[in-house]
>>> print(open('protein.json').read())   # JSON, C-alpha atoms and all ligand atoms
[["chain", "number", "residue", "atom", "x", "y", "z"],
["D", 1, "MET", "CA", 126.53, 124.60, 91.29],
["D", 2, "PHE", "CA", 124.08, 121.92, 92.41],
["D", 3, "GLN", "CA", 120.67, 123.06, 91.21],
["D", 4, "SER", "CA", 117.76, 121.51, 93.06],
["D", 5, "ASP", "CA", 116.54, 119.64, 89.94],
["D", 6, "LEU", "CA", 119.98, 118.49, 88.77],
["D", 7, "LEU", "CA", 119.06, 114.79, 89.01],
["D", 8, "LYS", "CA", 115.35, 115.14, 88.27],
["D", 9, "GLY", "CA", 113.98, 112.22, 86.27],
["D", 10, "ARG", "CA", 116.89, 109.94, 87.19],
["D", 11, "THR", "CA", 116.37, 106.57, 88.89],
["D", 12, "ILE", "CA", 119.43, 105.47, 90.82],
["D", 13, "LEU", "CA", 120.14, 102.04, 92.29],
["D", 14, "ILE", "CA", 122.62, 102.18, 95.19],
["D", 15, "THR", "CA", 124.13, 99.07, 96.74],
["D", 16, "GLY", "CA", 124.90, 99.30, 100.43],
["D", 17, "GLY", "CA", 122.53, 102.26, 100.41],
["D", 18, "GLY", "CA", 120.91, 101.62, 103.78],
["D", 19, "THR", "CA", 123.85, 102.75, 105.92],
["D", 20, "GLY", "CA", 127.03, 104.82, 106.00],
["D", 21, "LEU", "CA", 128.25, 106.65, 102.93],
["D", 22, "GLY", "CA", 125.70, 104.89, 100.70],
["D", 23, "ARG", "CA", 122.91, 106.33, 102.83],
["D", 24, "SER", "CA", 124.40, 109.85, 102.72],
["D", 25, "ILE", "CA", 124.85, 109.68, 98.96],
["D", 26, "ALA", "CA", 121.30, 108.41, 98.50],
["D", 27, "LEU", "CA", 119.84, 111.24, 100.57],
["D", 28, "ARG", "CA", 121.81, 113.83, 98.60],
["D", 29, "PHE", "CA", 120.67, 112.38, 95.24],
["D", 30, "ALA", "CA", 117.08, 112.50, 96.51],
["D", 31, "GLU", "CA", 117.43, 116.19, 97.48],
["D", 32, "LEU", "CA", 118.40, 116.89, 93.88],
["D", 33, "GLY", "CA", 115.35, 115.15, 92.44],
["D", 34, "ALA", "CA", 116.37, 111.52, 91.83],
["D", 35, "ASN", "CA", 114.28, 108.42, 92.58],
["D", 36, "ILE", "CA", 116.25, 106.00, 94.72],
["D", 37, "PHE", "CA", 116.32, 102.21, 94.90],
["D", 38, "LEU", "CA", 118.40, 100.80, 97.75],
["D", 39, "VAL", "CA", 119.93, 97.31, 97.79],
["D", 40, "ALA", "CA", 121.64, 95.78, 100.82],
["D", 41, "ARG", "CA", 121.46, 92.73, 103.02],
["D", 42, "ARG", "CA", 119.74, 94.07, 106.15],
["D", 43, "GLU", "CA", 116.10, 95.08, 105.86],
["D", 44, "GLU", "CA", 115.90, 97.40, 108.89],
["D", 45, "PRO", "CA", 118.38, 100.09, 107.72],
["D", 46, "LEU", "CA", 116.95, 99.87, 104.19],
["D", 47, "LYS", "CA", 113.48, 100.61, 105.48],
["D", 48, "GLU", "CA", 114.67, 103.49, 107.63],
["D", 49, "THR", "CA", 116.70, 105.09, 104.83],
["D", 50, "ALA", "CA", 113.85, 104.69, 102.31],
["D", 51, "GLU", "CA", 111.57, 106.52, 104.76],
["D", 52, "ALA", "CA", 114.15, 109.30, 105.23],
["D", 53, "ILE", "CA", 114.34, 109.70, 101.45],
["D", 54, "ARG", "CA", 110.55, 109.87, 101.12],
["D", 55, "ALA", "CA", 110.52, 112.51, 103.85],
["D", 56, "LYS", "CA", 112.55, 114.65, 101.45],
["D", 57, "GLY", "CA", 109.76, 114.34, 98.89],
["D", 58, "ALA", "CA", 111.52, 111.84, 96.60],
["D", 59, "ARG", "CA", 110.43, 108.34, 95.58],
["D", 60, "ALA", "CA", 112.27, 105.46, 97.23],
["D", 61, "ALA", "CA", 112.04, 101.68, 97.42],
["D", 62, "TYR", "CA", 114.41, 98.88, 98.36],
["D", 63, "ALA", "CA", 115.19, 95.17, 98.12],
["D", 64, "SER", "CA", 117.27, 93.12, 100.50],
["D", 65, "ALA", "CA", 119.75, 91.04, 98.55],
["D", 66, "ASP", "CA", 123.28, 89.69, 98.82],
["D", 67, "ILE", "CA", 125.05, 91.02, 95.71],
["D", 68, "ARG", "CA", 127.32, 87.95, 95.68],
["D", 69, "ASP", "CA", 124.30, 86.08, 94.28],
["D", 70, "PHE", "CA", 123.63, 87.00, 90.63],
["D", 71, "SER", "CA", 120.02, 85.82, 90.60],
["D", 72, "ALA", "CA", 119.34, 87.92, 93.74],
["D", 73, "VAL", "CA", 120.83, 90.92, 91.92],
["D", 74, "GLU", "CA", 118.61, 90.30, 88.87],
["D", 75, "LYS", "CA", 115.56, 90.04, 91.13],
["D", 76, "ALA", "CA", 116.47, 93.30, 92.86],
["D", 77, "VAL", "CA", 116.78, 95.07, 89.50],
["D", 78, "GLU", "CA", 113.36, 93.72, 88.47],
["D", 79, "ALA", "CA", 111.88, 94.94, 91.75],
["D", 80, "ALA", "CA", 113.43, 98.37, 91.17],
["D", 81, "GLU", "CA", 111.85, 98.59, 87.72],
["D", 82, "GLU", "CA", 108.47, 97.50, 89.03],
["D", 83, "GLU", "CA", 108.55, 100.06, 91.83],
["D", 84, "LEU", "CA", 110.22, 103.03, 90.16],
["D", 85, "GLY", "CA", 110.48, 102.37, 86.41],
["D", 86, "ARG", "CA", 113.66, 102.11, 84.39],
["D", 87, "VAL", "CA", 116.88, 102.37, 86.39],
["D", 88, "ASP", "CA", 119.38, 104.59, 84.54],
["D", 89, "THR", "CA", 122.14, 104.86, 87.13],
["D", 90, "LEU", "CA", 124.04, 102.41, 89.30],
["D", 91, "VAL", "CA", 126.22, 103.26, 92.29],
["D", 92, "ASN", "CA", 128.33, 100.30, 93.38],
["D", 93, "ASN", "CA", 128.94, 101.28, 96.97],
["D", 94, "ALA", "CA", 128.47, 98.04, 98.94],
["D", 95, "ALA", "CA", 131.76, 96.78, 100.40],
["D", 96, "GLY", "CA", 133.27, 94.48, 102.96],
["D", 97, "ASN", "CA", 136.62, 95.04, 104.63],
["D", 98, "PHE", "CA", 138.52, 94.44, 107.84],
["D", 99, "ILE", "CA", 141.95, 95.07, 109.29],
["D", 100, "ALA", "CA", 143.93, 91.87, 109.71],
["D", 101, "ARG", "CA", 147.39, 90.40, 109.43],
["D", 102, "THR", "CA", 147.11, 88.56, 106.12],
["D", 103, "GLU", "CA", 148.72, 85.35, 107.41],
["D", 104, "LYS", "CA", 145.85, 85.07, 109.90],
["D", 105, "LEU", "CA", 143.13, 85.14, 107.23],
["D", 106, "SER", "CA", 141.22, 82.06, 106.17],
["D", 107, "PRO", "CA", 140.54, 81.46, 102.45],
["D", 108, "ASN", "CA", 136.90, 82.16, 103.21],
["D", 109, "ALA", "CA", 137.73, 85.59, 104.64],
["D", 110, "PHE", "CA", 139.37, 86.48, 101.31],
["D", 111, "ASN", "CA", 136.36, 85.14, 99.41],
["D", 112, "ALA", "CA", 133.91, 87.11, 101.58],
["D", 113, "VAL", "CA", 135.53, 90.46, 100.79],
["D", 114, "VAL", "CA", 136.34, 89.75, 97.13],
["D", 115, "GLY", "CA", 132.84, 88.28, 96.69],
["D", 116, "ILE", "CA", 131.14, 91.44, 97.90],
["D", 117, "VAL", "CA", 133.47, 94.03, 96.42],
["D", 118, "LEU", "CA", 134.61, 92.63, 93.08],
["D", 119, "GLN", "CA", 132.10, 89.96, 92.17],
["D", 120, "GLY", "CA", 129.14, 91.91, 93.59],
["D", 121, "THR", "CA", 130.12, 95.05, 91.71],
["D", 122, "PHE", "CA", 130.51, 93.08, 88.50],
["D", 123, "PHE", "CA", 127.17, 91.33, 88.97],
["D", 124, "CYS", "CA", 125.27, 94.59, 89.48],
["D", 125, "THR", "CA", 127.04, 96.24, 86.54],
["D", 126, "LEU", "CA", 126.35, 93.23, 84.31],
["D", 127, "ALA", "CA", 122.68, 92.95, 85.28],
["D", 128, "LEU", "CA", 121.98, 96.60, 84.46],
["D", 129, "GLY", "CA", 124.46, 96.95, 81.58],
["D", 130, "LYS", "CA", 122.81, 94.07, 79.69],
["D", 131, "LYS", "CA", 119.42, 95.72, 80.04],
["D", 132, "TRP", "CA", 120.66, 99.13, 78.96],
["D", 133, "ILE", "CA", 122.39, 97.71, 75.87],
["D", 134, "ALA", "CA", 119.39, 95.58, 74.84],
["D", 135, "ALA", "CA", 117.02, 98.55, 75.24],
["D", 136, "LYS", "CA", 119.51, 100.93, 73.52],
["D", 137, "GLN", "CA", 119.28, 103.24, 76.51],
["D", 138, "PRO", "CA", 122.12, 105.18, 78.10],
["D", 139, "GLY", "CA", 123.40, 104.35, 81.58],
["D", 140, "HIS", "CA", 125.71, 105.70, 84.26],
["D", 141, "VAL", "CA", 127.85, 103.73, 86.70],
["D", 142, "LEU", "CA", 129.78, 105.07, 89.66],
["D", 143, "ASN", "CA", 132.05, 102.71, 91.59],
["D", 144, "ILE", "CA", 133.28, 103.55, 95.06],
["D", 145, "VAL", "CA", 136.85, 102.27, 95.38],
["D", 146, "THR", "CA", 139.68, 103.37, 97.71],
["D", 147, "THR", "CA", 142.85, 105.41, 97.52],
["D", 148, "TYR", "CA", 145.00, 102.29, 97.71],
["D", 149, "ALA", "CA", 143.34, 101.14, 94.47],
["D", 150, "ALA", "CA", 143.56, 104.54, 92.78],
["D", 151, "ALA", "CA", 147.23, 105.00, 93.68],
["D", 152, "ASN", "CA", 147.92, 101.51, 92.37],
["D", 153, "CYS", "CA", 149.94, 100.80, 95.51],
["D", 154, "GLY", "CA", 147.74, 98.34, 97.42],
["D", 155, "SER", "CA", 147.86, 98.41, 101.20],
["D", 156, "GLY", "CA", 149.06, 96.04, 103.85],
["D", 157, "PHE", "CA", 146.56, 94.69, 106.40],
["D", 158, "VAL", "CA", 143.57, 95.07, 104.03],
["D", 159, "VAL", "CA", 144.82, 92.72, 101.31],
["D", 160, "PRO", "CA", 141.49, 91.18, 100.18],
["D", 161, "SER", "CA", 140.05, 94.68, 99.85],
["D", 162, "ALA", "CA", 143.13, 95.95, 98.00],
["D", 163, "CYS", "CA", 142.88, 93.06, 95.51],
["D", 164, "ALA", "CA", 139.14, 93.51, 95.03],
["D", 165, "LYS", "CA", 139.13, 97.31, 94.69],
["D", 166, "ALA", "CA", 142.00, 97.18, 92.17],
["D", 167, "GLY", "CA", 139.81, 94.79, 90.19],
["D", 168, "VAL", "CA", 136.86, 97.17, 90.37],
["D", 169, "LEU", "CA", 139.02, 99.99, 89.05],
["D", 170, "ALA", "CA", 140.24, 97.79, 86.19],
["D", 171, "MET", "CA", 136.62, 96.96, 85.41],
["D", 172, "THR", "CA", 135.65, 100.65, 85.49],
["D", 173, "ARG", "CA", 138.32, 101.62, 82.99],
["D", 174, "SER", "CA", 137.84, 98.58, 80.75],
["D", 175, "LEU", "CA", 134.08, 99.03, 80.44],
["D", 176, "ALA", "CA", 134.39, 102.81, 80.06],
["D", 177, "VAL", "CA", 135.97, 102.04, 76.69],
["D", 178, "GLU", "CA", 133.96, 98.96, 75.76],
["D", 179, "TRP", "CA", 130.54, 100.39, 76.59],
["D", 180, "ALA", "CA", 131.05, 104.02, 75.51],
["D", 181, "ARG", "CA", 129.50, 103.11, 72.16],
["D", 182, "HIS", "CA", 126.37, 102.08, 74.08],
["D", 183, "HIS", "CA", 126.30, 105.47, 75.84],
["D", 184, "ILE", "CA", 127.18, 103.92, 79.19],
["D", 185, "ARG", "CA", 129.57, 106.02, 81.22],
["D", 186, "LEU", "CA", 131.59, 104.56, 84.12],
["D", 187, "ASN", "CA", 133.65, 106.43, 86.70],
["D", 188, "ALA", "CA", 134.99, 105.82, 90.19],
["D", 189, "ILE", "CA", 135.57, 107.74, 93.39],
["D", 190, "ALA", "CA", 138.44, 106.84, 95.71],
["D", 191, "PRO", "CA", 137.59, 108.10, 99.19],
["D", 192, "GLY", "CA", 140.08, 108.38, 102.00],
["D", 193, "PRO", "CA", 138.83, 108.28, 105.59],
["D", 194, "PHE", "CA", 135.14, 109.17, 105.95],
["D", 195, "PRO", "CA", 133.73, 108.16, 109.34],
["D", 196, "THR", "CA", 130.94, 105.56, 109.20],
["D", 197, "GLU", "CA", 129.92, 103.00, 111.77],
["D", 198, "GLY", "CA", 130.66, 100.11, 109.36],
["D", 199, "ALA", "CA", 134.14, 101.23, 108.33],
["D", 200, "TRP", "CA", 135.25, 102.60, 111.69],
["D", 201, "SER", "CA", 134.27, 99.48, 113.64],
["D", 202, "ARG", "CA", 136.28, 97.35, 111.21],
["D", 203, "LEU", "CA", 139.18, 99.61, 110.26],
["D", 204, "LEU", "CA", 139.82, 101.95, 113.21],
["D", 205, "PRO", "CA", 138.16, 100.07, 116.04],
["D", 206, "SER", "CA", 139.52, 102.13, 118.96],
["D", 207, "LYS", "CA", 139.72, 105.82, 119.95],
["D", 208, "GLU", "CA", 143.53, 105.55, 119.94],
["D", 209, "LEU", "CA", 143.67, 104.31, 116.36],
["D", 210, "GLU", "CA", 141.24, 107.02, 115.29],
["D", 211, "GLU", "CA", 143.38, 109.75, 116.91],
["D", 212, "ARG", "CA", 146.50, 108.29, 115.33],
["D", 213, "ALA", "CA", 144.85, 108.41, 111.89],
["D", 214, "LYS", "CA", 143.73, 112.00, 112.39],
["D", 215, "LYS", "CA", 147.20, 113.11, 113.51],
["D", 216, "HIS", "CA", 148.73, 111.47, 110.46],
["D", 217, "HIS", "CA", 146.34, 113.29, 108.10],
["D", 218, "PRO", "CA", 147.83, 116.35, 106.33],
["D", 219, "MET", "CA", 144.62, 118.34, 106.98],
["D", 220, "GLY", "CA", 144.16, 116.91, 110.48],
["D", 221, "ARG", "CA", 140.60, 115.90, 109.80],
["D", 222, "PHE", "CA", 138.46, 113.20, 108.20],
["D", 223, "GLY", "CA", 136.11, 113.74, 105.25],
["D", 224, "ARG", "CA", 132.54, 114.95, 105.59],
["D", 225, "HIS", "CA", 129.83, 112.88, 103.96],
["D", 226, "ASP", "CA", 128.44, 115.86, 102.04],
["D", 227, "GLU", "CA", 131.86, 116.36, 100.42],
["D", 228, "LEU", "CA", 131.79, 112.87, 98.98],
["D", 229, "ALA", "CA", 128.09, 112.99, 98.08],
["D", 230, "ASN", "CA", 128.56, 116.19, 96.07],
["D", 231, "LEU", "CA", 131.42, 114.66, 94.10],
["D", 232, "ALA", "CA", 129.19, 111.68, 93.32],
["D", 233, "VAL", "CA", 126.44, 114.04, 92.15],
["D", 234, "TYR", "CA", 128.82, 115.85, 89.81],
["D", 235, "LEU", "CA", 130.21, 112.68, 88.27],
["D", 236, "LEU", "CA", 126.74, 111.27, 87.64],
["D", 237, "SER", "CA", 125.25, 114.52, 86.34],
["D", 238, "GLU", "CA", 125.07, 115.48, 82.67],
["D", 239, "GLN", "CA", 127.65, 118.17, 83.47],
["D", 240, "ALA", "CA", 130.27, 115.41, 83.61],
["D", 241, "ASP", "CA", 129.19, 113.78, 80.35],
["D", 242, "TYR", "CA", 132.74, 113.83, 78.93],
["D", 243, "VAL", "CA", 134.29, 112.34, 82.08],
["D", 244, "ASN", "CA", 134.58, 108.60, 81.44],
["D", 245, "GLY", "CA", 136.83, 105.92, 82.94],
["D", 246, "GLU", "CA", 138.15, 108.38, 85.52],
["D", 247, "CYS", "CA", 138.81, 107.80, 89.20],
["D", 248, "VAL", "CA", 138.67, 110.88, 91.42],
["D", 249, "VAL", "CA", 140.50, 110.74, 94.75],
["D", 250, "ILE", "CA", 138.89, 112.57, 97.67],
["D", 251, "ASP", "CA", 141.09, 112.18, 100.73],
["D", 252, "GLY", "CA", 142.42, 115.62, 101.69],
["D", 253, "GLY", "CA", 145.83, 114.68, 100.29],
["D", 254, "LEU", "CA", 146.31, 111.71, 102.61],
["D", 255, "TRP", "CA", 147.69, 109.19, 100.14],
["D", 256, "LEU", "CA", 150.30, 111.65, 98.90],
["D", 257, "ARG", "CA", 151.76, 111.65, 102.40],
["D", 258, "GLY", "CA", 152.34, 107.92, 102.35],
["D", 259, "ALA", "CA", 150.82, 105.43, 99.96],
["D", 260, "GLY", "CA", 148.74, 102.50, 101.27],
["D", 261, "GLU", "CA", 146.28, 103.87, 103.81],
["D", 262, "PHE", "CA", 146.85, 101.10, 106.36],
["D", 263, "ASN", "CA", 150.57, 100.44, 105.79],
["D", 264, "ASP", "CA", 151.22, 102.40, 108.98],
["D", 265, "PHE", "CA", 149.82, 99.49, 110.95],
["D", 266, "LEU", "CA", 153.31, 98.01, 110.52],
["D", 267, "ASP", "CA", 154.10, 99.85, 113.78],
["D", 268, "LEU", "CA", 151.39, 98.05, 115.70],
["D", 269, "PRO", "CA", 152.80, 95.57, 118.23],
["D", 270, "ASP", "CA", 151.55, 91.98, 118.25],
["D", 271, "ALA", "CA", 149.76, 92.53, 121.56],
["D", 272, "ALA", "CA", 147.67, 95.29, 119.98],
["D", 273, "TRP", "CA", 146.87, 93.03, 117.03],
["D", 274, "ASP", "CA", 145.76, 90.27, 119.39],
["D", 275, "MET", "CA", 143.47, 92.74, 121.15],
["D", 276, "LEU", "CA", 142.07, 94.02, 117.85],
["D", 277, "GLU", "CA", 141.45, 90.57, 116.47],
["D", 278, "ALA", "CA", 139.81, 89.39, 119.68],
["D", 279, "ALA", "CA", 137.37, 92.31, 119.52],
["D", 280, "ARG", "CA", 136.68, 91.80, 115.84],
["D", 281, "LYS", "CA", 133.34, 92.74, 114.49],
["D", 282, "LYS", "CA", 131.77, 90.84, 111.61],
["I", 1, "LIG", "N1", 139.18, 89.23, 110.55],
["I", 1, "LIG", "C1", 139.50, 88.06, 109.97],
["I", 1, "LIG", "N2", 138.58, 87.23, 109.37],
["I", 1, "LIG", "C2", 137.30, 87.66, 109.37],
["I", 1, "LIG", "C3", 136.89, 88.87, 109.96],
["I", 1, "LIG", "C4", 137.91, 89.67, 110.58],
["I", 1, "LIG", "N3", 137.63, 90.82, 111.17],
["I", 1, "LIG", "N4", 135.55, 88.99, 109.80],
["I", 1, "LIG", "C5", 135.15, 87.90, 109.13],
["I", 1, "LIG", "N5", 136.19, 87.10, 108.87],
["I", 1, "LIG", "C6", 136.15, 85.81, 108.18],
["I", 1, "LIG", "C7", 135.27, 84.81, 108.90],
["I", 1, "LIG", "O1", 135.96, 84.17, 109.93],
["I", 1, "LIG", "C8", 134.87, 83.86, 107.79],
["I", 1, "LIG", "O2", 135.88, 82.94, 107.49],
["I", 1, "LIG", "P1", 135.76, 81.41, 108.04],
["I", 1, "LIG", "O3", 134.48, 80.88, 107.49],
["I", 1, "LIG", "O4", 136.97, 80.75, 107.47],
["I", 1, "LIG", "O5", 135.77, 81.54, 109.53],
["I", 1, "LIG", "C9", 134.80, 84.78, 106.58],
["I", 1, "LIG", "O6", 135.52, 85.97, 106.90],
["I", 1, "LIG", "C10", 133.39, 85.15, 106.24],
["I", 1, "LIG", "O7", 132.79, 85.69, 107.37],
["I", 1, "LIG", "P2", 131.22, 85.84, 107.49],
["I", 1, "LIG", "O8", 130.90, 86.66, 108.68],
["I", 1, "LIG", "O9", 130.56, 84.51, 107.33],
["I", 1, "LIG", "O10", 130.96, 86.58, 106.12],
["I", 1, "LIG", "P3", 129.89, 87.57, 105.70],
["I", 1, "LIG", "O11", 129.80, 87.35, 104.28],
["I", 1, "LIG", "O12", 128.64, 87.54, 106.48],
["I", 1, "LIG", "O13", 130.60, 88.96, 106.08],
["I", 1, "LIG", "C11", 132.37, 90.51, 105.99],
["I", 1, "LIG", "C12", 131.45, 89.62, 105.23],
["I", 1, "LIG", "C13", 133.31, 89.62, 106.73],
["I", 1, "LIG", "C14", 133.15, 91.33, 104.99],
["I", 1, "LIG", "C15", 131.62, 91.41, 106.99],
["I", 1, "LIG", "O14", 132.51, 92.19, 107.71],
["I", 1, "LIG", "C16", 130.61, 92.30, 106.30],
["I", 1, "LIG", "O15", 129.55, 91.84, 105.90],
["I", 1, "LIG", "N6", 130.90, 93.56, 106.11],
["I", 1, "LIG", "C17", 130.01, 94.47, 105.38],
["I", 1, "LIG", "C18", 130.14, 95.85, 105.80],
["I", 1, "LIG", "C19", 131.53, 96.37, 105.80],
["I", 1, "LIG", "O16", 132.50, 95.65, 105.86],
["I", 1, "LIG", "N7", 131.62, 97.68, 105.78],
["I", 1, "LIG", "C20", 132.87, 98.36, 105.87],
["I", 1, "LIG", "C21", 133.37, 98.71, 104.56],
["I", 1, "LIG", "S1", 134.85, 99.66, 104.75]]
>>> encode(input="protein.json", output="structure tokens")
Amino acid sequence: MFQSDLLKGRTILITGGGTGLGRSIALRFAELGANIFLVARREEPLKETAEAIRAKGARAAYASADIRDFSAVEKAVEAAEEELGRVDTLVNNAAGNFIARTEKLSPNAFNAVVGIVLQGTFFCTLALGKKWIAAKQPGHVLNIVTTYAAANCGSGFVVPSACAKAGVLAMTRSLAVEWARHHIRLNAIAPGPFPTEGAWSRLLPSKELEERAKKHHPMGRFGRHDELANLAVYLLSEQADYVNGECVVIDGGLWLRGAGEFNDFLDLPDAAWDMLEAARKK
């Protein structure tokens, strides 16, 4: 199904590609022949992931940038083109999220998450989309959202993320229509729980919460990174050329059991919240 040259000749820019799911997706794309450009804030993981990609025989480069800053995004795209040539594919994977009672959030906490997820995704899409349209070249965009965006239900306790991801999905579907005439295809993936250091430390920051989430899952397990990476490969490959404006859920059936992935936190007593918030990780 996934031939070893499936993505040969493609140059893919991945935001948040230094760590977590972005890193796993990047490594899988590289195995299938793509050149990879990573964009994220922290240099150390970017460097390490770029080296791991090169060790697979693919070309890789990176830029550290905060995607909330449009000029930093434009500079990163220029750097990608200098290092690897024309970028033809964008994966908007970078995100920010945390579990919190909404009444405890500051306005700046909302802005931080919406800035990364919604504004950052738009900035990256705009920077590359403008180039593709001006050069009359096709492009592919894949946006990583969440099940609470795909199911249109939102979720308590992750309200900035729910607002931002719903916006990203609206953008995906709007541009899928508007830019189809420019041969730009946009799709989304809505993952359920896939263990990563970044998400787990912010969303399930204790063994107890992790066990609770696993018990609640219809399949009794979390997702494996290769399962998500292979779905991303399919959606970005030419084999999915007629799939446009779609959002594919990959969560083992979790959201069907009860919409709003974190709504279950309603059961959490205030004392547990106080403990969680005291141990919060930025
Ligand atoms: N609960 C409540 N508020 C929080 C918080 C938490 N766990 N973490 C940060 N905030 C608030 C801060 O207090 C600050 O508001 P203030 O200025 O009014 O105090 C605001 O959010 C911005 O925080 P800061 O750390 O300056 O922002 P940042 O832009 O560096 O970080 C985050 C953005 C908060 C989203 C950070 O968690 C992050 O960078 N995450 C990226 C990775 C990630 O989240 N991965 C998991 C994806 S599932």
>>> closest_residue(input="protein.json", among="D:Thr49, D:Gly139, D:Val248, D:Val87", to="Gly20 (chain D)", atoms="all atoms listed in the file")
D:Thr49
>>> residues_near_ligand(input="protein.json", ligand="ligand LIG 1 (chain I)", cutoff="6 Å", atoms="all atoms listed in the file", output="JSON, numbers by chain")
{"D": [95, 96, 97, 98, 100, 105, 106, 108, 109, 112, 113, 198, 199, 280, 281, 282]}
>>> atom_distance(input="protein.json", atom1="CA of Arg221 (chain D)", atom2="CA of Arg202 (chain D)")
19.1 Å
>>> closest_residue(input="protein.json", among="D:Val249, D:Ala52, D:Met171, D:Ile67", to="Ala232 (chain D)", atoms="all atoms listed in the file")
D:Val249
>>> residues_near_point(input="protein.json", point="(117.3, 106.0, 79.9)", cutoff="7 Å", atoms="all atoms listed in the file", output="PyMOL selection string")
chain D and resi 86+88+137-139
>>> residues_around(input="protein.json", residues="region 142-158 of chain D", least_positions_apart="4", cutoff="8 Å", atoms="all atoms listed in the file", output="JSON, numbers by chain")
{"D": [90, 91, 92, 93, 97, 98, 99, 100, 101, 102, 121, 162, 163, 165, 166, 168, 169, 172, 186, 187, 188, 189, 190, 191, 192, 232, 235, 236, 247, 249, 251, 255, 259, 260, 261, 262, 263, 265]}
>>> write_last_selection(input="protein.json", atoms="C-alpha atoms", output="PDB file, in the coordinates of the input")
ATOM      1  CA  LEU D  90     124.040 102.410  89.300  1.00  0.00           C
ATOM      2  CA  VAL D  91     126.220 103.260  92.290  1.00  0.00           C
ATOM      3  CA  ASN D  92     128.330 100.300  93.380  1.00  0.00           C
ATOM      4  CA  ASN D  93     128.940 101.280  96.970  1.00  0.00           C
ATOM      5  CA  ASN D  97     136.620  95.040 104.630  1.00  0.00           C
ATOM      6  CA  PHE D  98     138.520  94.440 107.840  1.00  0.00           C
ATOM      7  CA  ILE D  99     141.950  95.070 109.290  1.00  0.00           C
ATOM      8  CA  ALA D 100     143.930  91.870 109.710  1.00  0.00           C
ATOM      9  CA  ARG D 101     147.390  90.400 109.430  1.00  0.00           C
ATOM     10  CA  THR D 102     147.110  88.560 106.120  1.00  0.00           C
ATOM     11  CA  THR D 121     130.120  95.050  91.710  1.00  0.00           C
ATOM     12  CA  ALA D 162     143.130  95.950  98.000  1.00  0.00           C
ATOM     13  CA  CYS D 163     142.880  93.060  95.510  1.00  0.00           C
ATOM     14  CA  LYS D 165     139.130  97.310  94.690  1.00  0.00           C
ATOM     15  CA  ALA D 166     142.000  97.180  92.170  1.00  0.00           C
ATOM     16  CA  VAL D 168     136.860  97.170  90.370  1.00  0.00           C
ATOM     17  CA  LEU D 169     139.020  99.990  89.050  1.00  0.00           C
ATOM     18  CA  THR D 172     135.650 100.650  85.490  1.00  0.00           C
ATOM     19  CA  LEU D 186     131.590 104.560  84.120  1.00  0.00           C
ATOM     20  CA  ASN D 187     133.650 106.430  86.700  1.00  0.00           C
ATOM     21  CA  ALA D 188     134.990 105.820  90.190  1.00  0.00           C
ATOM     22  CA  ILE D 189     135.570 107.740  93.390  1.00  0.00           C
ATOM     23  CA  ALA D 190     138.440 106.840  95.710  1.00  0.00           C
ATOM     24  CA  PRO D 191     137.590 108.100  99.190  1.00  0.00           C
ATOM     25  CA  GLY D 192     140.080 108.380 102.000  1.00  0.00           C
ATOM     26  CA  ALA D 232     129.190 111.680  93.320  1.00  0.00           C
ATOM     27  CA  LEU D 235     130.210 112.680  88.270  1.00  0.00           C
ATOM     28  CA  LEU D 236     126.740 111.270  87.640  1.00  0.00           C
ATOM     29  CA  CYS D 247     138.810 107.800  89.200  1.00  0.00           C
ATOM     30  CA  VAL D 249     140.500 110.740  94.750  1.00  0.00           C
ATOM     31  CA  ASP D 251     141.090 112.180 100.730  1.00  0.00           C
ATOM     32  CA  TRP D 255     147.690 109.190 100.140  1.00  0.00           C
ATOM     33  CA  ALA D 259     150.820 105.430  99.960  1.00  0.00           C
ATOM     34  CA  GLY D 260     148.740 102.500 101.270  1.00  0.00           C
ATOM     35  CA  GLU D 261     146.280 103.870 103.810  1.00  0.00           C
ATOM     36  CA  PHE D 262     146.850 101.100 106.360  1.00  0.00           C
ATOM     37  CA  ASN D 263     150.570 100.440 105.790  1.00  0.00           C
ATOM     38  CA  PHE D 265     149.820  99.490 110.950  1.00  0.00           C
TER      39      PHE D 265
END
>>> closest_residue(input="protein.json", among="D:Lys136, D:Arg185, D:Arg41, D:Lys215", to="Ser237 (chain D)", atoms="all atoms listed in the file")
D:Arg185
>>> residues_around(input="protein.json", residues="Ala279 (chain D)", least_positions_apart="6", cutoff="10 Å", atoms="only C-alpha atoms", output="number ranges by chain")
D: 201-202, 205, 273
>>> residues_around(input="protein.json", residues="Gly85 (chain D)", least_positions_apart="5", cutoff="12 Å", atoms="only C-alpha atoms", output="compact mmCIF listing (two decimals) with C-alpha atoms, in the frame of the given file")
# COMPACT_ATOMS: atom_id res chain seq x y z
CA GLY D 9 113.98 112.22 86.27
CA ARG D 10 116.89 109.94 87.19
CA THR D 11 116.37 106.57 88.89
CA ILE D 12 119.43 105.47 90.82
CA LEU D 13 120.14 102.04 92.29
CA ASN D 35 114.28 108.42 92.58
CA ILE D 36 116.25 106.00 94.72
CA PHE D 37 116.32 102.21 94.90
CA ARG D 59 110.43 108.34 95.58
CA ALA D 60 112.27 105.46 97.23
CA ALA D 61 112.04 101.68 97.42
CA VAL D 77 116.78 95.07 89.50
CA GLU D 78 113.36 93.72 88.47
CA ALA D 79 111.88 94.94 91.75
CA ALA D 80 113.43 98.37 91.17
>>> axis_aligned_box(input="protein.json", around="region 120-123 of chain D", padding_each_side="8 Å", output="AutoDock Vina command-line options")
--center_x 128.8 --center_y 93.2 --center_z 91.0 --size_x 19.3 --size_y 19.7 --size_z 21.1
